[in-house]
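Structure below is work.csv: CSV, N, CA and C atoms.
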```csv
chain,number,residue,atom,x,y,z
U,480,GLY,N,75.3,99.7,93.0
U,480,GLY,CA,75.7,101.0,92.4
U,480,GLY,C,75.8,100.9,90.9
U,481,THR,N,75.9,102.1,90.3
U,481,THR,CA,76.0,102.2,88.9
U,481,THR,C,77.4,102.8,88.6
U,482,ASP,N,77.7,102.9,87.3
U,482,ASP,CA,78.9,103.6,86.9
U,482,ASP,C,79.0,105.0,87.4
U,483,ALA,N,77.8,105.7,87.5
U,483,ALA,CA,77.8,107.0,87.9
U,483,ALA,C,78.1,107.1,89.4
U,484,SER,N,77.9,106.1,90.2
U,484,SER,CA,78.2,106.1,91.6
U,484,SER,C,79.6,105.7,91.9
U,485,MET,N,80.4,105.3,90.9
U,485,MET,CA,81.7,104.8,91.2
U,485,MET,C,82.6,105.8,91.9
U,486,PRO,N,82.6,107.1,91.6
U,486,PRO,CA,83.5,108.0,92.3
U,486,PRO,C,83.1,108.1,93.8
U,487,THR,N,81.9,107.9,94.1
U,487,THR,CA,81.4,107.9,95.6
U,487,THR,C,82.0,106.6,96.2
U,488,HIS,N,81.9,105.5,95.5
U,488,HIS,CA,82.5,104.2,96.1
U,488,HIS,C,84.0,104.4,96.3
U,489,VAL,N,84.7,104.9,95.4
U,489,VAL,CA,86.2,105.1,95.5
U,489,VAL,C,86.5,106.0,96.7
U,490,ASN,N,85.8,107.1,96.8
U,490,ASN,CA,86.0,108.0,97.9
U,490,ASN,C,85.7,107.3,99.2
U,491,ASN,N,84.7,106.5,99.3
U,491,ASN,CA,84.4,105.8,100.5
U,491,ASN,C,85.5,104.9,101.0
U,492,ILE,N,86.0,104.1,100.0
U,492,ILE,CA,87.0,103.1,100.4
U,492,ILE,C,88.4,103.8,100.7
U,493,VAL,N,88.6,104.9,100.1
U,493,VAL,CA,89.8,105.7,100.5
U,493,VAL,C,89.6,106.3,101.9
U,494,THR,N,88.5,107.0,102.1
U,494,THR,CA,88.2,107.6,103.4
U,494,THR,C,88.2,106.7,104.5
U,495,ARG,N,87.7,105.4,104.3
U,495,ARG,CA,87.7,104.4,105.4
U,495,ARG,C,89.0,103.7,105.6
U,496,GLY,N,90.0,104.0,104.7
U,496,GLY,CA,91.3,103.4,104.9
U,496,GLY,C,91.5,102.1,104.3
U,497,TYR,N,90.7,101.6,103.4
U,497,TYR,CA,90.8,100.3,102.8
U,497,TYR,C,91.8,100.3,101.6
U,498,VAL,N,92.0,101.5,101.0
U,498,VAL,CA,93.0,101.6,99.9
U,498,VAL,C,93.6,103.0,100.0
U,499,GLU,N,94.8,103.1,99.4
U,499,GLU,CA,95.5,104.4,99.2
U,499,GLU,C,95.6,104.7,97.7
U,500,VAL,N,95.4,105.9,97.4
U,500,VAL,CA,95.6,106.3,96.0
U,500,VAL,C,97.1,106.8,95.9
U,501,GLN,N,97.8,106.3,94.9
U,501,GLN,CA,99.3,106.6,94.8
U,501,GLN,C,99.7,107.0,93.5
U,502,GLY,N,100.6,108.0,93.4
U,502,GLY,CA,101.3,108.4,92.2
U,502,GLY,C,100.4,109.2,91.3
U,503,PRO,N,101.1,109.7,90.2
U,503,PRO,CA,100.4,110.6,89.3
U,503,PRO,C,99.3,109.8,88.5
U,504,ASP,N,99.4,108.5,88.4
U,504,ASP,CA,98.4,107.7,87.7
U,504,ASP,C,97.2,107.4,88.6
U,505,ARG,N,97.4,107.7,89.9
U,505,ARG,CA,96.3,107.5,90.9
U,505,ARG,C,95.9,106.1,91.0
U,506,LEU,N,96.9,105.2,91.0
U,506,LEU,CA,96.6,103.8,91.2
U,506,LEU,C,96.2,103.5,92.6
U,507,MET,N,95.3,102.6,92.8
U,507,MET,CA,94.8,102.3,94.2
U,507,MET,C,95.6,101.1,94.7
U,508,ARG,N,96.1,101.2,95.9
U,508,ARG,CA,96.9,100.1,96.6
U,508,ARG,C,96.1,99.8,97.8
U,509,PRO,N,95.8,98.5,98.0
U,509,PRO,CA,95.1,98.1,99.2
U,509,PRO,C,95.9,98.3,100.4
U,510,THR,N,95.3,98.7,101.5
U,510,THR,CA,96.0,98.8,102.8
U,510,THR,C,95.9,97.5,103.5
U,511,ILE,N,96.6,97.4,104.6
U,511,ILE,CA,96.5,96.1,105.4
U,511,ILE,C,95.1,96.0,105.9
U,512,LEU,N,94.5,97.1,106.3
U,512,LEU,CA,93.1,97.0,106.8
U,512,LEU,C,92.2,96.5,105.7
U,513,GLY,N,92.3,97.0,104.5
U,513,GLY,CA,91.5,96.6,103.3
U,513,GLY,C,91.7,95.1,103.0
U,514,VAL,N,92.9,94.6,103.0
U,514,VAL,CA,93.2,93.2,102.8
U,514,VAL,C,92.6,92.3,103.9
U,515,ALA,N,92.8,92.8,105.1
U,515,ALA,CA,92.3,92.0,106.2
U,515,ALA,C,90.7,91.9,106.2
U,516,LEU,N,90.1,93.0,105.8
U,516,LEU,CA,88.7,93.0,105.7
U,516,LEU,C,88.2,92.0,104.6
U,517,ILE,N,88.9,92.1,103.5
U,517,ILE,CA,88.5,91.1,102.4
U,517,ILE,C,88.7,89.7,102.8
U,518,HIS,N,89.8,89.4,103.5
U,518,HIS,CA,90.1,88.0,103.9
U,518,HIS,C,89.0,87.6,104.9
U,519,GLY,N,88.6,88.5,105.8
U,519,GLY,CA,87.6,88.2,106.8
U,519,GLY,C,86.3,87.9,106.1
U,520,LEU,N,85.9,88.8,105.2
U,520,LEU,CA,84.6,88.6,104.5
U,520,LEU,C,84.6,87.3,103.6
U,521,GLN,N,85.7,87.0,103.0
U,521,GLN,CA,85.8,85.8,102.2
U,521,GLN,C,85.7,84.6,103.1
U,522,ALA,N,86.2,84.7,104.3
U,522,ALA,CA,86.1,83.5,105.3
U,522,ALA,C,84.6,83.3,105.7
U,523,VAL,N,83.8,84.4,105.8
U,523,VAL,CA,82.4,84.2,106.2
U,523,VAL,C,81.4,84.0,105.1
U,524,ASP,N,81.7,84.6,104.0
U,524,ASP,CA,80.8,84.5,102.8
U,524,ASP,C,81.6,85.0,101.6
U,525,GLY,N,82.3,84.2,100.9
U,525,GLY,CA,83.1,84.5,99.8
U,525,GLY,C,82.4,85.4,98.7
U,526,GLU,N,81.1,85.2,98.6
U,526,GLU,CA,80.4,85.9,97.5
U,526,GLU,C,80.4,87.4,97.8
U,527,LEU,N,80.6,87.8,99.0
U,527,LEU,CA,80.5,89.2,99.4
U,527,LEU,C,81.6,90.0,98.7
U,528,THR,N,82.7,89.4,98.4
U,528,THR,CA,83.8,90.1,97.8
U,528,THR,C,83.8,90.0,96.2
U,529,GLN,N,82.8,89.4,95.7
U,529,GLN,CA,82.7,89.2,94.3
U,529,GLN,C,81.5,90.1,93.7
U,530,ALA,N,81.5,90.3,92.4
U,530,ALA,CA,80.5,91.1,91.8
U,530,ALA,C,79.2,90.3,91.5
U,531,ALA,N,79.2,89.0,91.8
U,531,ALA,CA,78.1,88.1,91.4
U,531,ALA,C,76.8,88.5,92.0
U,532,VAL,N,76.7,88.9,93.3
U,532,VAL,CA,75.5,89.3,93.9
U,532,VAL,C,74.9,90.5,93.2
U,533,ARG,N,75.7,91.5,93.1
U,533,ARG,CA,75.3,92.8,92.4
U,533,ARG,C,74.8,92.5,91.0
U,534,ALA,N,75.5,91.7,90.3
U,534,ALA,CA,75.2,91.3,88.9
U,534,ALA,C,73.8,90.6,88.8
U,535,ARG,N,73.6,89.7,89.8
U,535,ARG,CA,72.4,88.9,89.8
U,535,ARG,C,71.2,89.9,90.1
U,536,ILE,N,71.4,90.8,91.0
U,536,ILE,CA,70.3,91.7,91.4
U,536,ILE,C,70.0,92.6,90.2
U,537,GLU,N,71.1,93.1,89.6
U,537,GLU,CA,70.9,94.0,88.4
U,537,GLU,C,70.2,93.3,87.3
U,538,ASN,N,70.5,92.0,87.1
U,538,ASN,CA,69.8,91.2,86.1
U,538,ASN,C,68.3,91.1,86.5
U,539,ASP,N,68.0,90.8,87.8
U,539,ASP,CA,66.7,90.7,88.2
U,539,ASP,C,65.9,92.0,88.0
U,540,VAL,N,66.5,93.1,88.3
U,540,VAL,CA,65.9,94.4,88.1
U,540,VAL,C,65.6,94.7,86.6
U,541,SER,N,66.5,94.3,85.8
U,541,SER,CA,66.3,94.4,84.3
U,541,SER,C,65.1,93.6,83.9
U,542,GLU,N,64.9,92.4,84.5
U,542,GLU,CA,63.8,91.5,84.1
U,542,GLU,C,62.5,92.2,84.6
U,543,VAL,N,62.5,92.9,85.7
U,543,VAL,CA,61.3,93.6,86.1
U,543,VAL,C,61.0,94.7,85.1
U,544,ALA,N,62.0,95.5,84.7
U,544,ALA,CA,61.8,96.6,83.8
U,544,ALA,C,61.3,96.0,82.4
U,545,GLN,N,61.6,94.8,82.1
U,545,GLN,CA,61.2,94.2,80.8
U,545,GLN,C,59.8,93.5,81.0
U,546,GLY,N,59.3,93.5,82.2
U,546,GLY,CA,58.0,92.9,82.4
U,546,GLY,C,58.0,91.4,82.6
U,547,ARG,N,59.2,90.8,82.8
U,547,ARG,CA,59.3,89.4,82.9
U,547,ARG,C,59.2,88.9,84.3
U,548,ARG,N,59.4,89.7,85.3
U,548,ARG,CA,59.3,89.4,86.7
U,548,ARG,C,58.6,90.5,87.5
U,549,ALA,N,57.9,90.1,88.5
U,549,ALA,CA,57.2,91.1,89.4
U,549,ALA,C,58.2,91.8,90.3
U,550,CYS,N,58.0,93.0,90.5
U,550,CYS,CA,58.9,93.8,91.4
U,550,CYS,C,58.9,93.3,92.8
U,551,GLU,N,57.7,92.9,93.3
U,551,GLU,CA,57.7,92.4,94.6
U,551,GLU,C,58.5,91.1,94.8
U,552,GLU,N,58.5,90.2,93.8
U,552,GLU,CA,59.3,89.0,93.8
U,552,GLU,C,60.8,89.3,93.9
U,553,VAL,N,61.2,90.3,93.0
U,553,VAL,CA,62.6,90.6,93.0
U,553,VAL,C,63.1,91.2,94.3
U,554,VAL,N,62.2,92.1,94.8
U,554,VAL,CA,62.6,92.8,96.1
U,554,VAL,C,62.6,91.7,97.2
U,555,ALA,N,61.7,90.8,97.3
U,555,ALA,CA,61.7,89.8,98.3
U,555,ALA,C,62.9,88.9,98.2
U,556,SER,N,63.3,88.6,97.0
U,556,SER,CA,64.5,87.8,96.7
U,556,SER,C,65.7,88.5,97.2
U,557,ALA,N,65.9,89.8,96.8
U,557,ALA,CA,67.0,90.6,97.2
U,557,ALA,C,67.1,90.7,98.8
U,558,VAL,N,66.0,91.0,99.4
U,558,VAL,CA,66.0,91.1,100.9
U,558,VAL,C,66.4,89.8,101.5
U,559,SER,N,65.9,88.7,101.0
U,559,SER,CA,66.2,87.4,101.5
U,559,SER,C,67.7,87.1,101.4
U,560,ILE,N,68.3,87.4,100.2
U,560,ILE,CA,69.7,87.2,100.0
U,560,ILE,C,70.5,88.0,101.0
U,561,PHE,N,70.2,89.3,101.1
U,561,PHE,CA,71.0,90.2,102.0
U,561,PHE,C,70.7,89.9,103.5
U,562,ARG,N,69.6,89.5,103.8
U,562,ARG,CA,69.3,89.1,105.2
U,562,ARG,C,70.2,87.9,105.6
U,563,GLU,N,70.4,86.9,104.7
U,563,GLU,CA,71.2,85.8,105.0
U,563,GLU,C,72.7,86.2,105.0
U,564,LYS,N,73.1,87.1,104.1
U,564,LYS,CA,74.5,87.6,104.1
U,564,LYS,C,74.8,88.4,105.4
U,565,PHE,N,73.8,89.2,105.8
U,565,PHE,CA,74.0,89.9,107.1
U,565,PHE,C,74.2,88.9,108.3
U,566,ARG,N,73.3,87.9,108.3
U,566,ARG,CA,73.4,86.9,109.4
U,566,ARG,C,74.8,86.2,109.4
U,567,ARG,N,75.3,85.9,108.2
U,567,ARG,CA,76.6,85.3,108.1
U,567,ARG,C,77.7,86.2,108.6
U,568,VAL,N,77.6,87.4,108.2
U,568,VAL,CA,78.7,88.4,108.6
U,568,VAL,C,78.6,88.6,110.1
U,569,ARG,N,77.4,88.7,110.7
U,569,ARG,CA,77.2,88.9,112.1
U,569,ARG,C,77.8,87.7,112.9
U,570,GLU,N,77.5,86.5,112.4
U,570,GLU,CA,78.0,85.3,113.0
U,570,GLU,C,79.5,85.2,112.8
U,571,GLY,N,80.0,85.8,111.7
U,571,GLY,CA,81.4,85.6,111.4
U,571,GLY,C,82.3,86.7,111.9
U,572,ILE,N,81.8,87.6,112.7
U,572,ILE,CA,82.6,88.7,113.3
U,572,ILE,C,83.8,88.2,114.0
U,573,PRO,N,83.8,87.1,114.8
U,573,PRO,CA,85.0,86.6,115.4
U,573,PRO,C,86.1,86.2,114.4
U,574,ARG,N,85.7,85.7,113.2
U,574,ARG,CA,86.6,85.3,112.2
U,574,ARG,C,87.2,86.6,111.5
U,575,ILE,N,86.4,87.6,111.3
U,575,ILE,CA,86.8,88.9,110.8
U,575,ILE,C,87.8,89.5,111.7
U,576,ARG,N,87.5,89.4,113.0
U,576,ARG,CA,88.5,90.0,114.0
U,576,ARG,C,89.8,89.2,114.0
U,577,GLU,N,89.8,87.9,113.8
U,577,GLU,CA,91.0,87.1,113.7
U,577,GLU,C,91.8,87.7,112.5
U,578,GLU,N,91.2,87.9,111.4
U,578,GLU,CA,91.9,88.4,110.2
U,578,GLU,C,92.6,89.8,110.5
U,579,LEU,N,91.8,90.6,111.2
U,579,LEU,CA,92.4,91.9,111.6
U,579,LEU,C,93.6,91.8,112.5
U,580,ALA,N,93.5,90.8,113.4
U,580,ALA,CA,94.6,90.6,114.4
U,580,ALA,C,95.8,90.1,113.6
U,581,ILE,N,95.6,89.2,112.7
U,581,ILE,CA,96.7,88.7,111.9
U,581,ILE,C,97.3,89.8,111.1
U,582,ALA,N,96.5,90.7,110.5
U,582,ALA,CA,97.0,91.8,109.7
U,582,ALA,C,97.9,92.8,110.6
U,583,LYS,N,97.5,93.0,111.8
U,583,LYS,CA,98.3,93.8,112.7
U,583,LYS,C,99.7,93.3,112.9
U,584,THR,N,99.8,92.0,113.0
U,584,THR,CA,101.1,91.4,113.1
U,584,THR,C,102.0,91.5,111.9
U,585,GLN,N,101.3,91.8,110.7
U,585,GLN,CA,102.1,91.9,109.5
U,585,GLN,C,102.2,93.4,109.0
U,586,ARG,N,101.8,94.3,109.9
U,586,ARG,CA,101.7,95.7,109.5
U,586,ARG,C,103.1,96.2,109.0
U,587,HIS,N,104.2,95.9,109.6
U,587,HIS,CA,105.5,96.4,109.2
U,587,HIS,C,105.8,96.0,107.8
U,588,ALA,N,105.5,94.8,107.4
U,588,ALA,CA,105.7,94.4,106.0
U,588,ALA,C,104.9,95.2,105.0
U,589,TRP,N,103.7,95.6,105.4
U,589,TRP,CA,102.8,96.4,104.5
U,589,TRP,C,103.3,97.8,104.4
U,590,GLU,N,103.7,98.4,105.6
U,590,GLU,CA,104.1,99.8,105.6
U,590,GLU,C,105.4,100.0,104.9
U,591,ASN,N,106.3,99.0,104.9
U,591,ASN,CA,107.6,99.1,104.3
U,591,ASN,C,108.0,97.8,103.6
U,592,PRO,N,107.3,97.6,102.4
U,592,PRO,CA,107.5,96.3,101.7
U,592,PRO,C,108.9,96.0,101.3
U,593,THR,N,109.7,97.0,101.0
U,593,THR,CA,111.1,96.8,100.6
U,593,THR,C,111.9,96.3,101.8
U,594,ALA,N,111.7,96.9,102.9
U,594,ALA,CA,112.5,96.5,104.1
U,594,ALA,C,112.1,95.1,104.5
U,595,ALA,N,110.9,94.7,104.3
U,595,ALA,CA,110.4,93.3,104.7
U,595,ALA,C,111.1,92.3,103.9
U,596,SER,N,111.4,92.6,102.6
U,596,SER,CA,111.9,91.6,101.7
U,596,SER,C,113.5,91.6,101.7
U,597,GLU,N,114.1,92.6,102.3
U,597,GLU,CA,115.6,92.7,102.3
U,597,GLU,C,116.1,92.0,103.6
U,598,PRO,N,117.3,91.4,103.5
U,598,PRO,CA,117.9,90.8,104.7
U,598,PRO,C,118.1,91.8,105.8
U,599,GLN,N,117.8,91.5,107.0
U,599,GLN,CA,118.0,92.4,108.1
U,599,GLN,C,119.5,92.6,108.4
U,600,GLN,N,119.9,93.8,108.7
U,600,GLN,CA,121.3,94.1,109.1
U,600,GLN,C,121.3,94.4,110.6
U,601,SER,N,122.5,94.2,111.2
U,601,SER,CA,122.6,94.5,112.6
U,601,SER,C,122.4,96.0,112.9
U,602,ASP,N,122.2,96.3,114.1
U,602,ASP,CA,122.1,97.7,114.5
U,602,ASP,C,123.4,98.5,114.3
U,603,ALA,N,124.5,97.8,114.3
U,603,ALA,CA,125.8,98.5,114.1
U,603,ALA,C,126.0,99.0,112.7
U,604,GLY,N,125.2,98.5,111.7
U,604,GLY,CA,125.3,99.0,110.4
U,604,GLY,C,126.3,98.2,109.6
U,605,PRO,N,126.3,98.3,108.2
U,605,PRO,CA,127.2,97.6,107.4
U,605,PRO,C,128.6,97.9,107.5
U,606,GLU,N,128.9,99.1,107.9
U,606,GLU,CA,130.3,99.5,108.0
U,606,GLU,C,131.1,98.9,109.1
U,607,GLN,N,130.5,98.2,110.0
U,607,GLN,CA,131.1,97.6,111.2
U,607,GLN,C,132.2,96.6,110.7
U,608,GLY,N,131.9,95.8,109.7
U,608,GLY,CA,132.8,94.7,109.3
U,608,GLY,C,134.0,95.3,108.5
U,609,SER,N,133.9,96.5,107.9
U,609,SER,CA,134.9,97.0,107.0
U,609,SER,C,136.0,97.8,107.8
U,610,GLN,N,135.7,98.1,109.1
U,610,GLN,CA,136.7,98.8,109.8
U,610,GLN,C,137.8,97.9,110.3
U,611,GLY,N,139.0,98.4,110.3
U,611,GLY,CA,140.1,97.5,110.7
U,611,GLY,C,140.9,98.0,111.7
```
Can you dump the structure from the file as structure tokens?
Amino acid sequence: GTDASMPTHVNNIVTRGYVEVQGPDRLMRPTILGVALIHGLQAVDGELTQAAVRARIENDVSEVAQGRRACEEVVASAVSIFREKFRRVREGIPRIREELAIAKTQRHAWENPTAASEPQQSDAGPEQGSQG
């Protein structure tokens, strides 16, 4: 993608439920689904969650534009790279599913982060001990 396609990328990750846009500053907060997906992808091919692949291909395309490399060579290289990444993801689907299952068990902490970090109180409530 390019800078011009950034709004489309943001819309896609919001629509798919990987992040939520919050507050008047419109800050993005990852959802548990988004974090689980990143953890799963990192487990099968860490490079998928980094900008390195995109940067390398953009550099290769620039070299084609400058006449330093052949278009066919760059396309073949990119196809080879992504074919291997696709294979790794396909073979890593069980690992990605594991990350999603782990995330489900942690859903409460994500949905209510303050409650997860506070000590749990009994169902009777705090006033129970103050009555005499």
**Report entry** Ala515 in chain U surroundings by only C-alpha atoms, 10 Å radius, close-in-sequence under 4 positions cut, as a ChimeraX atom specification
**Finding:** /U:497,509-511,519-521,575-583
Would you output that residue set with N, CA and C atoms, as a PDB file, in the frame of the given file?
```pdb
ATOM      1  N   TYR U 497      90.700 101.600 103.400  1.00  0.00           N
ATOM      2  CA  TYR U 497      90.800 100.300 102.800  1.00  0.00           C
ATOM      3  C   TYR U 497      91.800 100.300 101.600  1.00  0.00           C
ATOM      4  N   PRO U 509      95.800  98.500  98.000  1.00  0.00           N
ATOM      5  CA  PRO U 509      95.100  98.100  99.200  1.00  0.00           C
ATOM      6  C   PRO U 509      95.900  98.300 100.400  1.00  0.00           C
ATOM      7  N   THR U 510      95.300  98.700 101.500  1.00  0.00           N
ATOM      8  CA  THR U 510      96.000  98.800 102.800  1.00  0.00           C
ATOM      9  C   THR U 510      95.900  97.500 103.500  1.00  0.00           C
ATOM     10  N   ILE U 511      96.600  97.400 104.600  1.00  0.00           N
ATOM     11  CA  ILE U 511      96.500  96.100 105.400  1.00  0.00           C
ATOM     12  C   ILE U 511      95.100  96.000 105.900  1.00  0.00           C
ATOM     13  N   GLY U 519      88.600  88.500 105.800  1.00  0.00           N
ATOM     14  CA  GLY U 519      87.600  88.200 106.800  1.00  0.00           C
ATOM     15  C   GLY U 519      86.300  87.900 106.100  1.00  0.00           C
ATOM     16  N   LEU U 520      85.900  88.800 105.200  1.00  0.00           N
ATOM     17  CA  LEU U 520      84.600  88.600 104.500  1.00  0.00           C
ATOM     18  C   LEU U 520      84.600  87.300 103.600  1.00  0.00           C
ATOM     19  N   GLN U 521      85.700  87.000 103.000  1.00  0.00           N
ATOM     20  CA  GLN U 521      85.800  85.800 102.200  1.00  0.00           C
ATOM     21  C   GLN U 521      85.700  84.600 103.100  1.00  0.00           C
ATOM     22  N   ILE U 575      86.400  87.600 111.300  1.00  0.00           N
ATOM     23  CA  ILE U 575      86.800  88.900 110.800  1.00  0.00           C
ATOM     24  C   ILE U 575      87.800  89.500 111.700  1.00  0.00           C
ATOM     25  N   ARG U 576      87.500  89.400 113.000  1.00  0.00           N
ATOM     26  CA  ARG U 576      88.500  90.000 114.000  1.00  0.00           C
ATOM     27  C   ARG U 576      89.800  89.200 114.000  1.00  0.00           C
ATOM     28  N   GLU U 577      89.800  87.900 113.800  1.00  0.00           N
ATOM     29  CA  GLU U 577      91.000  87.100 113.700  1.00  0.00           C
ATOM     30  C   GLU U 577      91.800  87.700 112.500  1.00  0.00           C
ATOM     31  N   GLU U 578      91.200  87.900 111.400  1.00  0.00           N
ATOM     32  CA  GLU U 578      91.900  88.400 110.200  1.00  0.00           C
ATOM     33  C   GLU U 578      92.600  89.800 110.500  1.00  0.00           C
ATOM     34  N   LEU U 579      91.800  90.600 111.200  1.00  0.00           N
ATOM     35  CA  LEU U 579      92.400  91.900 111.600  1.00  0.00           C
ATOM     36  C   LEU U 579      93.600  91.800 112.500  1.00  0.00           C
ATOM     37  N   ALA U 580      93.500  90.800 113.400  1.00  0.00           N
ATOM     38  CA  ALA U 580      94.600  90.600 114.400  1.00  0.00           C
ATOM     39  C   ALA U 580      95.800  90.100 113.600  1.00  0.00           C
ATOM     40  N   ILE U 581      95.600  89.200 112.700  1.00  0.00           N
ATOM     41  CA  ILE U 581      96.700  88.700 111.900  1.00  0.00           C
ATOM     42  C   ILE U 581      97.300  89.800 111.100  1.00  0.00           C
ATOM     43  N   ALA U 582      96.500  90.700 110.500  1.00  0.00           N
ATOM     44  CA  ALA U 582      97.000  91.800 109.700  1.00  0.00           C
ATOM     45  C   ALA U 582      97.900  92.800 110.600  1.00  0.00           C
ATOM     46  N   LYS U 583      97.500  93.000 111.800  1.00  0.00           N
ATOM     47  CA  LYS U 583      98.300  93.800 112.700  1.00  0.00           C
ATOM     48  C   LYS U 583      99.700  93.300 112.900  1.00  0.00           C
TER      49      LYS U 583
END
```
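One finds CA of Met485 in chain U at 16.9 Å from CA of Val532 in chain U.
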**Report entry** Pick from U:Leu512, U:Val543, U:Thr584, U:Ser559, whichever lies nearest to Val498 in chain U using only N, CA and C atoms
**Finding:** U:Leu512
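The two atoms in question, atom N of Arg508 in chain U and atom C of Glu563 in chain U, are spaced 29.2 Å apart.
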Requested in this report: State, in Å with one decimal place, the distance from atom N of Gly546 in chain U to atom N of Lys564 in chain U.
Outcome: 26.7 Å
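Checking U:Val540, U:Leu516, U:Ala588, U:Val523 one by one against Ala555 in chain U, counting only C-alpha atoms, you find the shortest gap at U:Val540.
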Report task. Please run DSSP on the backbone and report, as number ranges by chain, all residues within range 481-599 of chain U that come out as strand (DSSP E or B). Result -> U: 498-501, 506-509
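For the choices U:Ala557, U:Val493, U:Ile536, U:Leu527, the atom-to-atom distance to Leu506 in chain U is smallest for U:Val493 when using only C-alpha atoms.
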Requested in this report: Report as a ChimeraX atom specification: the residues of range 484-552 of chain U with a DSSP assignment of helix (DSSP H, G or I), based on the backbone of this structure.
Outcome: /U:484-494,511-528,531-544,550-552
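Among U:Ser556, U:Gln501, U:Ala522, U:Arg547, the residue with the shortest atom-to-atom distance to Glu570 in chain U, counting only C-alpha atoms, is U:Ala522.
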